[in-house]
Amino acid sequence: MSHFQLGVLFFVFMTGSSMINIPGPLIGKAGNGAWLSLLISGGIGFGMMSMLLYLHRRFPDLTYVEYSRKLVGSVLAVILSVLPITFLFQMQSAIVTDVGLFMISSMLRETPMYAFTFPVFVIAALTARAGIEVMVRMFTLILLLTSFFIFIVLLLAIQDYDPSLLLPVLPKGIKPVLHGAYFTFGFPYVEIFLFGMLLPFVVKDPEKKVSISRTMFISLSLNVFTLCTATVCAIMVFGPYAADKPYVIFAMARIVEFEEIIQRIESIIGMSLILGSYMKTSVTLYVLSLFVSQLFQLKESGTIVMPLALFGFLTGLVTFDGSTQWGGIVATIHPVWAGAVFLMPLLLLTVVALIRKRV
């Protein structure tokens, strides 16, 4: 894939389902300082990105699993690869579970959740099996479509914006902001780690007109800006009541009215959530298949995509008992789990790479 396609894939992965799922719960934790939480967790994301790019410059043709073996040996590399796989299994089911919970809570309440999660897994698995070239070409078009839908909703809601609701920014001090940063660190910014497996697939630019680092940092900056914008817009529309709406952008689309022509356009936001989650699930499945195939030195990663997707589907059926429990898992367990298996191994490899370079 080209540098541009890498940027699109990264933006899709980081923003896809986050745009719908993040603002409401984040406002509930951080209040009017929710956008500050995104800036803090986004800054941590920039740090993780810097480590990934440094390791990529040291080993431009190797993935995370491959340069782990070079840096710390085969035994420790297996441990540092198995740890991320544990969360990747949970992550793929979590993304699709969010789609199912959204559908049964907002649209089709009487339909069983597996009626939504199973088709998403099937289509995502077929896309991941088709390969990364197919994904980046398809996702570019889908990104334009979903971005247009969300932009239209935010634009048409201007008449309902009340900037005075943005104040005070820190009525309860800095602790709620840090709580929100902890939440958004676990989803989505620690997930930047996955691109350590995808950077080697970028076509090298012999003239160095565009660097991978520049592309990735621009995409991450756009992601932070987009999430901050959506969060600020939600606060200006609903104020403190935005915390009571888990899918606050969907709720904004419900109240949008433009004359008598455009009304009740929440369905396009629902479509955007499904498409965003589908794209993110496809990338996660592809990375998971790469992890497993390279760890066990399999010749073809595509053959295990379907079994991995089936495992993710079954995991989503037994992981939780309700939306409240699921919200607690995402808000409290995921940041710790992902930090332990994504951030800590990456930090260890970066330190080892720096020491070995000096030696």
# chains A, B, ... in the order shown; residues from 1 in each chain; ligands from 1
>>> closest_atom_pairs(of="stretch 251-298 of chain A", to="stretch 10-14 of chain A", cutoff="12 Å", atoms="only C-alpha atoms", output="Markdown table")
| residue | atom | partner | partner_atom | distance |
| --- | --- | --- | --- | --- |
| A:Ser272 | CA | A:Val12 | CA | 11.5 |
| A:Leu273 | CA | A:Val12 | CA | 11.6 |
| A:Leu275 | CA | A:Val12 | CA | 10.0 |
| A:Gly276 | CA | A:Val12 | CA | 7.1 |
| A:Ser277 | CA | A:Phe13 | CA | 8.6 |
| A:Tyr278 | CA | A:Phe13 | CA | 9.8 |
| A:Met279 | CA | A:Phe13 | CA | 6.9 |
| A:Lys280 | CA | A:Phe13 | CA | 4.9 |
| A:Thr281 | CA | A:Phe13 | CA | 8.6 |
| A:Ser282 | CA | A:Phe13 | CA | 9.3 |
| A:Val283 | CA | A:Phe13 | CA | 7.2 |
| A:Thr284 | CA | A:Phe13 | CA | 8.7 |
| A:Leu285 | CA | A:Phe13 | CA | 11.9 |
| A:Val287 | CA | A:Phe13 | CA | 11.8 |
>>> residues_around(residues="A:Leu144", least_positions_apart="3", cutoff="12 Å", atoms="only C-alpha atoms", output="PyMOL selection string")
chain A and resi 8+11-12+16+137-141+147-151+272+275-276
>>> closest_atom_pairs(of="stretch 133-247 of chain A", to="stretch 94-102 of chain A", cutoff="12 Å", atoms="only C-alpha atoms", output="CSV")
residue,atom,partner,partner_atom,distance
A:Phe187,CA,A:Ile95,CA,10.3
A:Pro188,CA,A:Ile95,CA,10.9
A:Lys245,CA,A:Phe102,CA,11.5
A:Pro246,CA,A:Phe102,CA,8.9
A:Tyr247,CA,A:Phe102,CA,7.8
>>> residues_around(residues="A:Val256", least_positions_apart="5", cutoff="12 Å", atoms="only C-alpha atoms", output="PyMOL selection string")
chain A and resi 152-161+237+249-251+261-267+269
>>> atom_distance(atom1="atom CA of A:Thr15", atom2="atom CA of A:Val136")
15.0 Å
>>> select_by_dssp(residues="stretch 159-332 of chain A", states="helix (DSSP H, G or I)", output="ChimeraX atom specification")
/A:159-160,163-166,175-186,189-197,199-201,212-244,248-255,266-295,302-318,323-332
>>> residues_around(residues="A:Leu36", least_positions_apart="4", cutoff="12 Å", atoms="only C-alpha atoms", output="PyMOL selection string")
chain A and resi 26-27+29-32+40-43+169-170+174-182+184+224-225+227-229+231-232
>>> write_last_selection(atoms="C-alpha atoms", output="PDB file, in the first residue's frame")
ATOM      1  CA  LEU A  26     -16.383  10.179  27.888  1.00  0.00           C
ATOM      2  CA  ILE A  27     -18.570  13.180  28.774  1.00  0.00           C
ATOM      3  CA  LYS A  29     -16.594  10.592  33.050  1.00  0.00           C
ATOM      4  CA  ALA A  30     -14.896  13.922  32.328  1.00  0.00           C
ATOM      5  CA  GLY A  31     -17.798  16.356  31.938  1.00  0.00           C
ATOM      6  CA  ASN A  32     -16.998  19.530  30.030  1.00  0.00           C
ATOM      7  CA  ILE A  40      -4.017  13.812  27.078  1.00  0.00           C
ATOM      8  CA  SER A  41      -4.680  10.283  25.809  1.00  0.00           C
ATOM      9  CA  GLY A  42      -3.909  11.433  22.262  1.00  0.00           C
ATOM     10  CA  GLY A  43      -0.527  12.664  23.532  1.00  0.00           C
ATOM     11  CA  VAL A 169     -14.414  23.346  31.869  1.00  0.00           C
ATOM     12  CA  LEU A 170     -13.188  21.853  35.164  1.00  0.00           C
ATOM     13  CA  ILE A 174      -8.575  17.594  37.101  1.00  0.00           C
ATOM     14  CA  LYS A 175      -9.465  14.100  38.374  1.00  0.00           C
ATOM     15  CA  PRO A 176     -12.471  13.557  36.056  1.00  0.00           C
ATOM     16  CA  VAL A 177     -10.326  14.627  33.101  1.00  0.00           C
ATOM     17  CA  LEU A 178      -7.660  12.097  34.048  1.00  0.00           C
ATOM     18  CA  HIS A 179     -10.362   9.442  34.407  1.00  0.00           C
ATOM     19  CA  GLY A 180     -11.555  10.263  30.905  1.00  0.00           C
ATOM     20  CA  ALA A 181      -7.995  10.117  29.609  1.00  0.00           C
ATOM     21  CA  TYR A 182      -7.603   6.672  31.163  1.00  0.00           C
ATOM     22  CA  THR A 184      -9.799   6.897  25.981  1.00  0.00           C
ATOM     23  CA  VAL A 224      -7.730  13.651  17.775  1.00  0.00           C
ATOM     24  CA  PHE A 225      -9.219  16.754  16.136  1.00  0.00           C
ATOM     25  CA  LEU A 227     -13.026  13.197  18.198  1.00  0.00           C
ATOM     26  CA  CYS A 228     -12.557  16.500  20.043  1.00  0.00           C
ATOM     27  CA  THR A 229     -14.875  18.255  17.588  1.00  0.00           C
ATOM     28  CA  THR A 231     -17.308  15.755  21.753  1.00  0.00           C
ATOM     29  CA  VAL A 232     -17.479  19.557  21.902  1.00  0.00           C
TER      30      VAL A 232
END
>>> closest_residue(among="A:Ser164, A:Ser211, A:Ser323, A:Ser301", to="A:Met236", atoms="only C-alpha atoms")
A:Ser164
>>> decode(residues="stretch 54-70 of chain A", atoms="N, CA, C and O atoms", output="PDB file, in the first residue's frame")
ATOM      1  N   TYR A  54      10.146   4.426  15.415  1.00  0.00           N
ATOM      2  CA  TYR A  54      11.575   4.221  15.667  1.00  0.00           C
ATOM      3  C   TYR A  54      11.965   2.776  15.384  1.00  0.00           C
ATOM      4  O   TYR A  54      12.979   2.506  14.712  1.00  0.00           O
ATOM      5  N   LEU A  55      11.174   1.838  15.885  1.00  0.00           N
ATOM      6  CA  LEU A  55      11.469   0.427  15.630  1.00  0.00           C
ATOM      7  C   LEU A  55      11.341   0.095  14.146  1.00  0.00           C
ATOM      8  O   LEU A  55      12.095  -0.735  13.624  1.00  0.00           O
ATOM      9  N   HIS A  56      10.398   0.749  13.470  1.00  0.00           N
ATOM     10  CA  HIS A  56      10.263   0.519  12.024  1.00  0.00           C
ATOM     11  C   HIS A  56      11.478   1.046  11.266  1.00  0.00           C
ATOM     12  O   HIS A  56      11.926   0.413  10.295  1.00  0.00           O
ATOM     13  N   ARG A  57      12.016   2.171  11.685  1.00  0.00           N
ATOM     14  CA  ARG A  57      13.226   2.687  11.029  1.00  0.00           C
ATOM     15  C   ARG A  57      14.412   1.763  11.273  1.00  0.00           C
ATOM     16  O   ARG A  57      15.265   1.592  10.392  1.00  0.00           O
ATOM     17  N   ARG A  58      14.482   1.151  12.445  1.00  0.00           N
ATOM     18  CA  ARG A  58      15.571   0.206  12.739  1.00  0.00           C
ATOM     19  C   ARG A  58      15.411  -1.085  11.943  1.00  0.00           C
ATOM     20  O   ARG A  58      16.403  -1.676  11.491  1.00  0.00           O
ATOM     21  N   PHE A  59      14.164  -1.534  11.788  1.00  0.00           N
ATOM     22  CA  PHE A  59      13.890  -2.797  11.097  1.00  0.00           C
ATOM     23  C   PHE A  59      12.783  -2.569  10.061  1.00  0.00           C
ATOM     24  O   PHE A  59      11.633  -2.991  10.268  1.00  0.00           O
ATOM     25  N   PRO A  60      13.085  -1.890   8.961  1.00  0.00           N
ATOM     26  CA  PRO A  60      12.044  -1.443   8.016  1.00  0.00           C
ATOM     27  C   PRO A  60      11.276  -2.561   7.324  1.00  0.00           C
ATOM     28  O   PRO A  60      10.161  -2.344   6.875  1.00  0.00           O
ATOM     29  N   ASP A  61      11.846  -3.750   7.238  1.00  0.00           N
ATOM     30  CA  ASP A  61      11.192  -4.846   6.517  1.00  0.00           C
ATOM     31  C   ASP A  61      10.606  -5.903   7.446  1.00  0.00           C
ATOM     32  O   ASP A  61      10.162  -6.955   6.978  1.00  0.00           O
ATOM     33  N   LEU A  62      10.606  -5.628   8.754  1.00  0.00           N
ATOM     34  CA  LEU A  62      10.155  -6.616   9.724  1.00  0.00           C
ATOM     35  C   LEU A  62       8.936  -6.123  10.487  1.00  0.00           C
ATOM     36  O   LEU A  62       8.774  -4.925  10.724  1.00  0.00           O
ATOM     37  N   THR A  63       8.078  -7.064  10.871  1.00  0.00           N
ATOM     38  CA  THR A  63       6.926  -6.744  11.704  1.00  0.00           C
ATOM     39  C   THR A  63       7.325  -6.822  13.178  1.00  0.00           C
ATOM     40  O   THR A  63       8.449  -7.195  13.519  1.00  0.00           O
ATOM     41  N   TYR A  64       6.374  -6.509  14.046  1.00  0.00           N
ATOM     42  CA  TYR A  64       6.623  -6.540  15.482  1.00  0.00           C
ATOM     43  C   TYR A  64       7.123  -7.909  15.930  1.00  0.00           C
ATOM     44  O   TYR A  64       8.094  -8.020  16.700  1.00  0.00           O
ATOM     45  N   VAL A  65       6.480  -8.974  15.476  1.00  0.00           N
ATOM     46  CA  VAL A  65       6.872 -10.327  15.880  1.00  0.00           C
ATOM     47  C   VAL A  65       8.291 -10.633  15.407  1.00  0.00           C
ATOM     48  O   VAL A  65       9.101 -11.219  16.146  1.00  0.00           O
ATOM     49  N   GLU A  66       8.619 -10.201  14.199  1.00  0.00           N
ATOM     50  CA  GLU A  66       9.918 -10.541  13.612  1.00  0.00           C
ATOM     51  C   GLU A  66      11.065  -9.776  14.265  1.00  0.00           C
ATOM     52  O   GLU A  66      12.113 -10.359  14.570  1.00  0.00           O
ATOM     53  N   TYR A  67      10.880  -8.474  14.515  1.00  0.00           N
ATOM     54  CA  TYR A  67      12.014  -7.773  15.145  1.00  0.00           C
ATOM     55  C   TYR A  67      12.089  -8.042  16.646  1.00  0.00           C
ATOM     56  O   TYR A  67      13.114  -7.799  17.273  1.00  0.00           O
ATOM     57  N   SER A  68      11.008  -8.565  17.232  1.00  0.00           N
ATOM     58  CA  SER A  68      11.101  -8.996  18.630  1.00  0.00           C
ATOM     59  C   SER A  68      12.111 -10.130  18.770  1.00  0.00           C
ATOM     60  O   SER A  68      12.896 -10.165  19.737  1.00  0.00           O
ATOM     61  N   ARG A  69      12.101 -11.063  17.796  1.00  0.00           N
ATOM     62  CA  ARG A  69      13.047 -12.171  17.842  1.00  0.00           C
ATOM     63  C   ARG A  69      14.485 -11.673  17.729  1.00  0.00           C
ATOM     64  O   ARG A  69      15.394 -12.215  18.379  1.00  0.00           O
ATOM     65  N   LYS A  70      14.703 -10.661  16.924  1.00  0.00           N
ATOM     66  CA  LYS A  70      16.052 -10.138  16.754  1.00  0.00           C
ATOM     67  C   LYS A  70      16.546  -9.394  17.999  1.00  0.00           C
ATOM     68  O   LYS A  70      17.731  -9.419  18.322  1.00  0.00           O
TER      69      LYS A  70
END
